[in-house]
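Just below is one structure, and these are the notes that go with it.
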2 protein chains.
Amino acid sequence: MPTIADVAREAGVGIGTVSRVLNNSPLVSEQLRQRVLAAIARLEYRPSSAARAFGRRRTQTLELLVPLFIGSLFLELLRGIEDALVGTDYTLLARTMKRAEDRERAFDACCSRSRADGALVLWTVPTRQFVERLAADPFPVVLLNVVDPRLWSVAVDHTAAASRAVEYCLGLGHRRVALVDRHLDVFDSTSPGICGRGFREALAGAGVSLADGYQRMAEPGQAGGARALDALLSLPEPPTAVVAASDEQAVGVFLAARERGWQVPRDLSIVGYSDSQYTQYLGLTTIDVPVHEIGRAATRALLGAVADPSAAPRTIYRPTQLLVRHTCGPPRAGRG
Amino acid sequence: MPTIADVAREAGVGIGTVSRVLNNSPLVSEQLRQRVLAAIARLEYRPSSAARAFGRRRTQTLELLVPLFIGSLFLELLRGIEDALVGTDYTLLARTMKRAEDRERAFDACCSRSRADGALVLWTVPTRQFVERLAADPFPVVLLNVVDPRLWSVAVDHTAAASRAVEYCLGLGHRRVALVDRHLDVFDSTSPGICGRGFREALAGAGVSLADGYQRMAEPGQAGGARALDALLSLPEPPTAVVAASDEQAVGVFLAARERGWQVPRDLSIVGYSDSQYTQYLGLTTIDVPVHEIGRAATRALLGAVADPSAAPRTIYRPTQLLVRHTCGPPRAGRG
DNA sequence: TTGTAGGCGTTATCAG
DNA sequence: CTGATAACGCCTACAA
């Protein structure tokens, strides 16, 4: 395996010149550049990325911290990230986290002496220590779908989105609207729900009082949604519309409703959250979260922060919109 | 940022001892080990992974080459890979490929002077040059869902699986069974379909002749399936059952059928392929491909190959099975 | 069991 | 513009 020294010898130049050619430095005469390029080709030389990372104290790698619970949106997000990476010579290191302790370890590993130049942190709230350590020893981090003013964040306004969904149901005539919410932090069951505030605000805005048990926290995934609906339907006055905090939960709600013989949207209206594309054929009315765009924006922000670590962190919001399909309708007379 | 030398000084030992402690070498007295550990803690020292990778000529990284077309199975696969990685100190580098040229570059980048110690290659056929280069300069590679006898491969027997699906339809009484197939290599539209052979064998085995136009190649995804069904339903004698080569295509078939007013399974039976979990609520009858297990097995094989590059490559098959749900039934009298 | 010295392949710095 | 040369931080002999 040839090294830079072999190339230098082959081309009859100094090793510095070869390095400059490799790094597209303008400080090389065209003649020598050609000689070096030819030598590289003859020897089939490839620079060692390990040596490079070591030498320039930069790995050309971005780290992605992602909870393993993640649903199908991950793909879309990955595409967005890759989109932003095209043309750069950065690659992506994926580190998945299953449990809270994995997260601690991942945070720990990623910030000090990282294998990467920066990190993308998905759908999980940074711990206090993490933020403190980052303050002490800056390392570029961008949060996705979670906001922390002390760090770069790219997210949507969950409150506005949830409000929009609830208002839509209210507009259809529903008064018994329930929320199947999701913890902001998958690893922390004491963390608030992402949609709770928007839900309450929308109800308050319409002068509708919040019935007991209508605001539920559920596990992510279909199972969580299904269980939540079961609970809701056991209430003395079950809701006529349900807003879910994820499409997967919405599917669970849908299934559980069907199981009980409730038809959607005749007996129950459902709004999802995220537009995960796998629910298209279900005709799920949902909040469209521009996941692809979030991934791209976050990656761009991270690359920027890597290039200029002194830039003050910003929070970037992306707009959501309601995607009306076929799981919502007016409440049924007998039940509404 | 402290280095190993700082730790050595702090602990009052030689740098070699620190290195040995870091690498869990048994050749350190318990006493010194403790002193070193304490020094490490005091200094909050973390070894530089870049320097490590450089020094030991091993990156502790596995590379994942994945076509961006990939559907929801990717998540399950990723989980399988991560499962196999738990307990090792390997991390995963993801390199996605959008077009055929990306693939060339990815193959190129991954084998010579790679940033990784080995590579997992998904759902895409290795090019001739790739295999040749690998033969000349060994670099551990494991193929997933594609088989090449010259390399490690983990896959299912598509022929057996497709046969099983077709036989199931035949057993229900169908005689007009069509196939919506998928190219073995997403980047090569001249590559054969993954299910074609099993399809034909099953028909032949039952003495059913293959009608013109019943074996179709389709693009991956719902759109491909939908388009393929449109074509099939335009035939003078449309099929009464369709076997698809992916769940996503099956969903497309399902949607297109519904669009045309055909009910499933009354007017049309559908079998999917892969059990992608997002089709559960559709009740799709499908071939269960153990994607998680494939990811895990492939990663284990790769780790093995990294540890012992001299081991001869093997092909590992994982069994599939038919998952009967609700999209198949006997052919309708008037149409069957 | 321990410390020391050399090497890994680049990049960066510095004279020329 | 170019070529030496010194880091870079760790690992691995080798010698003690």
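Following the order of the structure tokens, first chain is A, next is B, and so on, with residues numbered from 1 inside each chain and ligands from 1 in the order they appear.
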
Would you list the contacts of DG3 of chain C as a CSV table (one decimal) with N, CA and C atoms (P, O5', C5', C4', C3', O3' and C1' of nucleotides), in the first residue's frame, taking every protein, DNA or RNA residue within 9 Å and counting only C-alpha atoms (C1' of nucleotides), but skipping same-chain residues closer than 4 positions in sequence?
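Final output, out05.csv:
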```csv
chain,number,residue,atom,x,y,z
B,13,VAL,N,3.8,6.9,35.9
B,13,VAL,CA,4.2,5.6,35.2
B,13,VAL,C,4.6,5.9,33.8
B,14,GLY,N,5.0,4.9,33.1
B,14,GLY,CA,5.4,5.0,31.7
B,14,GLY,C,4.1,5.0,30.8
B,15,ILE,N,4.3,5.6,29.6
B,15,ILE,CA,3.2,5.7,28.7
B,15,ILE,C,2.7,4.3,28.2
B,16,GLY,N,3.7,3.4,28.2
B,16,GLY,CA,3.3,2.0,27.8
B,16,GLY,C,2.3,1.4,28.8
B,17,THR,N,2.5,1.7,30.0
B,17,THR,CA,1.6,1.1,31.0
B,17,THR,C,0.2,1.7,30.9
D,16,DA,P,19.0,-3.1,27.9
D,16,DA,O5',18.2,-3.1,29.3
D,16,DA,C5',17.6,-1.9,29.8
D,16,DA,C4',16.8,-2.1,30.9
D,16,DA,C3',17.5,-2.9,32.1
D,16,DA,O3',17.3,-2.2,33.3
D,16,DA,C1',15.4,-3.8,31.6
```

Counting only C-alpha atoms (C1' of nucleotides), chain D residues within 12 Å of chain A, as a list in words: DC1, DT2, DG3, DA4, DT5, DA7, DC8, DG9 and DC10 of chain D

Would you save the residues of that selection, restricted to C-alpha atoms (C1' of nucleotides), as a PDB file, in the first residue's frame?
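Result saved to result-v4.pdb:
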```pdb
ATOM      1  C1'  DC D   1       6.184  27.927  -5.314  1.00  0.00           C
ATOM      2  C1'  DT D   2       8.877  23.996  -3.071  1.00  0.00           C
ATOM      3  C1'  DG D   3      11.167  20.669   0.062  1.00  0.00           C
ATOM      4  C1'  DA D   4      12.655  19.408   4.743  1.00  0.00           C
ATOM      5  C1'  DT D   5      11.200  18.589   9.198  1.00  0.00           C
ATOM      6  C1'  DA D   7       4.436  17.498  15.293  1.00  0.00           C
ATOM      7  C1'  DC D   8       0.022  14.570  15.920  1.00  0.00           C
ATOM      8  C1'  DG D   9      -1.276  10.566  19.927  1.00  0.00           C
ATOM      9  C1'  DC D  10      -1.262   6.053  20.175  1.00  0.00           C
TER      10       DC D  10
END
```

Every residue of segment 1-181 of chain B that DSSP places in strand (DSSP E), as an NGL selection string: :B and (61-67 or 91-97 or 118-122 or 141-144 or 152-156 or 177-181)

Spatial neighbours of Ser310 of chain B, max dist 12 Å, only C-alpha atoms (C1' of nucleotides), sep filter under 4 positions, as a list in words: Ala135, Pro138, Phe139, Pro140, Gly304, Ala305 and Val306 of chain B

Nearby residues (only C-alpha atoms (C1' of nucleotides)) at most 8 Å from Glu167 of chain A, same-chain spacing under 3 positions excluded, as a ChimeraX atom specification: /A:163-164,170-171,202-203

Interface residues on chain B facing chain A, 10 Å, only C-alpha atoms, written as a PyMOL selection string: chain B and resi 1+44-59+61-64+68-76+78-79+82-83+91-98+109+112-116+137+222+248+251-252+254-255+278-282

Restrict the selected residues to C-alpha atoms and save them as a tab-separated table (two decimals), in the first residue's frame.
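selection.tsv, freshly written:
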```tsv
chain	number	residue	atom	x	y	z
B	1	MET	CA	-7.12	17.97	26.03
B	44	GLU	CA	-10.97	13.24	32.34
B	45	TYR	CA	-8.79	11.72	29.73
B	46	ARG	CA	-10.30	10.09	26.63
B	47	PRO	CA	-8.11	8.38	24.10
B	48	SER	CA	-8.28	9.95	20.69
B	49	SER	CA	-10.04	7.55	18.41
B	50	ALA	CA	-8.37	9.10	15.41
B	51	ALA	CA	-4.93	8.42	16.82
B	52	ARG	CA	-6.03	4.96	17.82
B	53	ALA	CA	-7.34	4.11	14.42
B	54	PHE	CA	-4.16	5.42	12.92
B	55	GLY	CA	-1.87	3.63	15.31
B	56	ARG	CA	-3.43	0.24	15.25
B	57	ARG	CA	-4.43	0.35	11.64
B	58	ARG	CA	-7.94	-0.56	12.56
B	59	THR	CA	-10.84	1.85	12.64
B	61	THR	CA	-15.86	0.90	12.17
B	62	LEU	CA	-18.07	-1.07	9.84
B	63	GLU	CA	-19.36	0.50	6.70
B	64	LEU	CA	-22.90	0.11	5.50
B	68	LEU	CA	-31.55	5.04	-0.95
B	69	PHE	CA	-34.59	3.41	-2.50
B	70	ILE	CA	-34.76	1.18	0.40
B	71	GLY	CA	-38.04	0.85	2.14
B	72	SER	CA	-39.11	0.46	5.69
B	73	LEU	CA	-37.22	-2.77	6.12
B	74	PHE	CA	-34.14	-0.75	6.53
B	75	LEU	CA	-35.10	0.10	10.07
B	76	GLU	CA	-35.54	-3.49	11.01
B	78	LEU	CA	-30.51	-1.53	11.20
B	79	ARG	CA	-31.84	-2.87	14.45
B	82	GLU	CA	-27.03	-2.77	16.00
B	83	ASP	CA	-27.98	-5.86	17.94
B	91	THR	CA	-19.61	1.68	15.16
B	92	LEU	CA	-21.45	1.97	11.93
B	93	LEU	CA	-20.66	4.26	9.06
B	94	ALA	CA	-23.57	4.70	6.69
B	95	ARG	CA	-22.99	5.40	3.06
B	96	THR	CA	-26.06	5.73	0.94
B	97	MET	CA	-26.21	5.36	-2.80
B	98	LYS	CA	-28.71	7.06	-4.99
B	109	ALA	CA	-14.09	4.17	-1.61
B	112	SER	CA	-9.19	0.55	-0.94
B	113	ARG	CA	-8.00	2.56	2.01
B	114	SER	CA	-11.34	2.36	3.58
B	115	ARG	CA	-12.41	4.30	6.59
B	116	ALA	CA	-13.79	1.04	7.86
B	137	ASP	CA	-6.67	-6.89	-2.10
B	222	GLN	CA	-46.17	1.68	-4.20
B	248	GLU	CA	-44.57	-1.75	-0.84
B	251	VAL	CA	-49.66	-1.96	-1.22
B	252	GLY	CA	-49.52	-0.28	-4.60
B	254	PHE	CA	-53.89	-3.06	-3.34
B	255	LEU	CA	-54.50	0.64	-3.83
B	278	TYR	CA	-46.43	-1.17	8.10
B	279	THR	CA	-48.78	-3.41	6.22
B	280	GLN	CA	-49.95	-5.29	9.24
B	281	TYR	CA	-53.08	-3.28	9.58
B	282	LEU	CA	-53.87	-3.79	5.98
```

Expected answer as a list in words: chain C residues within 12 Å of chain A, only C-alpha atoms (C1' of nucleotides):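 Every residue meeting the condition is included here: DC8, DG9, DT10, DT11, DA12, DT13 and DC14 of chain C.
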
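What separates atom CA of Gly295 of chain B from atom CA of Leu85 of chain B is a distance of 10.4 Å.
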
Residue set, segment 88-133 of chain A restricted to helix (DSSP H, G or I), as a ChimeraX atom specification: /A:100-111,128-133

Taking C-alpha atoms for each residue, export the selection above as a PDB file, in the first residue's frame.
```pdb
ATOM      1  CA  ALA A 100     -31.594   5.873  28.631  1.00  0.00           C
ATOM      2  CA  GLU A 101     -28.192   4.571  29.637  1.00  0.00           C
ATOM      3  CA  ASP A 102     -27.219   4.169  26.005  1.00  0.00           C
ATOM      4  CA  ARG A 103     -28.029   7.785  25.611  1.00  0.00           C
ATOM      5  CA  GLU A 104     -25.749   8.835  28.429  1.00  0.00           C
ATOM      6  CA  ARG A 105     -22.977   6.814  26.931  1.00  0.00           C
ATOM      7  CA  ALA A 106     -23.640   8.141  23.474  1.00  0.00           C
ATOM      8  CA  PHE A 107     -23.644  11.733  24.648  1.00  0.00           C
ATOM      9  CA  ASP A 108     -20.538  11.041  26.569  1.00  0.00           C
ATOM     10  CA  ALA A 109     -18.757   9.408  23.673  1.00  0.00           C
ATOM     11  CA  CYS A 110     -19.797  11.950  21.151  1.00  0.00           C
ATOM     12  CA  CYS A 111     -18.759  15.120  22.833  1.00  0.00           C
ATOM     13  CA  ARG A 128     -28.080  18.664  31.708  1.00  0.00           C
ATOM     14  CA  GLN A 129     -24.580  17.272  31.903  1.00  0.00           C
ATOM     15  CA  PHE A 130     -24.437  17.063  28.169  1.00  0.00           C
ATOM     16  CA  VAL A 131     -25.287  20.720  27.751  1.00  0.00           C
ATOM     17  CA  GLU A 132     -22.867  21.683  30.487  1.00  0.00           C
ATOM     18  CA  ARG A 133     -20.056  19.715  28.997  1.00  0.00           C
TER      19      ARG A 133
END
```

Long-range neighbours of Gly12 of chain A as number ranges by chain, 10 Å cut-off, only C-alpha atoms (C1' of nucleotides), 2 positions minimum in chain: A: 6-10, 14-15, 32, 35-36, 39

Got time to write the residues from that selection, N, CA and C atoms, as a PDB file, in the first residue's frame?
```
ATOM      1  N   ASP A   6       5.950   7.421  -1.089  1.00  0.00           N
ATOM      2  CA  ASP A   6       6.164   6.687  -2.337  1.00  0.00           C
ATOM      3  C   ASP A   6       5.795   7.554  -3.529  1.00  0.00           C
ATOM      4  N   VAL A   7       4.684   8.231  -3.384  1.00  0.00           N
ATOM      5  CA  VAL A   7       4.229   9.093  -4.469  1.00  0.00           C
ATOM      6  C   VAL A   7       5.257  10.192  -4.730  1.00  0.00           C
ATOM      7  N   ALA A   8       5.740  10.786  -3.641  1.00  0.00           N
ATOM      8  CA  ALA A   8       6.720  11.862  -3.773  1.00  0.00           C
ATOM      9  C   ALA A   8       7.954  11.355  -4.517  1.00  0.00           C
ATOM     10  N   ARG A   9       8.431  10.203  -4.136  1.00  0.00           N
ATOM     11  CA  ARG A   9       9.606   9.629  -4.771  1.00  0.00           C
ATOM     12  C   ARG A   9       9.314   9.375  -6.261  1.00  0.00           C
ATOM     13  N   GLU A  10       8.177   8.718  -6.503  1.00  0.00           N
ATOM     14  CA  GLU A  10       7.793   8.380  -7.875  1.00  0.00           C
ATOM     15  C   GLU A  10       7.713   9.629  -8.752  1.00  0.00           C
ATOM     16  N   GLY A  14       8.837  16.714  -3.457  1.00  0.00           N
ATOM     17  CA  GLY A  14       8.804  16.594  -2.008  1.00  0.00           C
ATOM     18  C   GLY A  14       7.436  16.147  -1.541  1.00  0.00           C
ATOM     19  N   ILE A  15       7.408  15.600  -0.372  1.00  0.00           N
ATOM     20  CA  ILE A  15       6.160  15.079   0.170  1.00  0.00           C
ATOM     21  C   ILE A  15       5.153  16.202   0.432  1.00  0.00           C
ATOM     22  N   LEU A  32       4.046  20.484 -11.827  1.00  0.00           N
ATOM     23  CA  LEU A  32       4.252  19.521 -10.746  1.00  0.00           C
ATOM     24  C   LEU A  32       2.960  18.805 -10.397  1.00  0.00           C
ATOM     25  N   ARG A  35       2.570  15.995 -12.678  1.00  0.00           N
ATOM     26  CA  ARG A  35       3.524  14.918 -12.375  1.00  0.00           C
ATOM     27  C   ARG A  35       3.033  14.114 -11.172  1.00  0.00           C
ATOM     28  N   VAL A  36       2.563  14.825 -10.167  1.00  0.00           N
ATOM     29  CA  VAL A  36       2.092  14.157  -8.953  1.00  0.00           C
ATOM     30  C   VAL A  36       0.854  13.314  -9.249  1.00  0.00           C
ATOM     31  N   ALA A  39       1.770  10.202 -10.926  1.00  0.00           N
ATOM     32  CA  ALA A  39       2.371   9.244  -9.992  1.00  0.00           C
ATOM     33  C   ALA A  39       1.298   8.570  -9.149  1.00  0.00           C
TER      34      ALA A  39
END
```

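Of the residues under consideration (B:Trp123, B:Tyr317, B:Trp152, B:Phe199), B:Phe199 shows the shortest atom-to-atom contact distance to Ala165 of chain B when counting only C-alpha atoms.
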
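One finds atom CA of Leu122 of chain A at 20.3 Å from atom CA of Ala312 of chain A.
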
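The residue that comes closest to Arg227 of chain B, out of B:Tyr214, B:Arg99, B:Gln249, B:Cys169 and on the basis of only C-alpha atoms, is B:Gln249.
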
All residues 10 Å or closer to segment 318-335 of chain B, only C-alpha atoms (C1' of nucleotides), same chain fewer than 4 positions away omitted, as a ChimeraX atom specification: /B:145,154-158,160-162,164-165,168-176,237-242,254,263-275,280-291,293-294,297

Polymer residues at most 7 Å from Asp185 of chain B, only C-alpha atoms (C1' of nucleotides), same-chain spacing of 5 or more positions, as a list of chain:residue names: B:Trp123, B:Thr124, B:Val125, B:Ser191

For the residues selected in the previous step, produce a file with C-alpha atoms as an mmCIF file, in the first residue's frame.
```
data_model
loop_
_atom_site.group_PDB
_atom_site.id
_atom_site.type_symbol
_atom_site.label_atom_id
_atom_site.label_comp_id
_atom_site.auth_asym_id
_atom_site.auth_seq_id
_atom_site.Cartn_x
_atom_site.Cartn_y
_atom_site.Cartn_z
ATOM 1 C CA TRP B 123 -29.610 -5.084 -1.797
ATOM 2 C CA THR B 124 -27.251 -4.395 -4.574
ATOM 3 C CA VAL B 125 -25.153 -6.646 -6.706
ATOM 4 C CA SER B 191 -30.882 -7.648 -13.781
#
```

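We find atom CA of Gln60 of chain A and atom CA of Leu134 of chain A to be spaced 19.7 Å apart.
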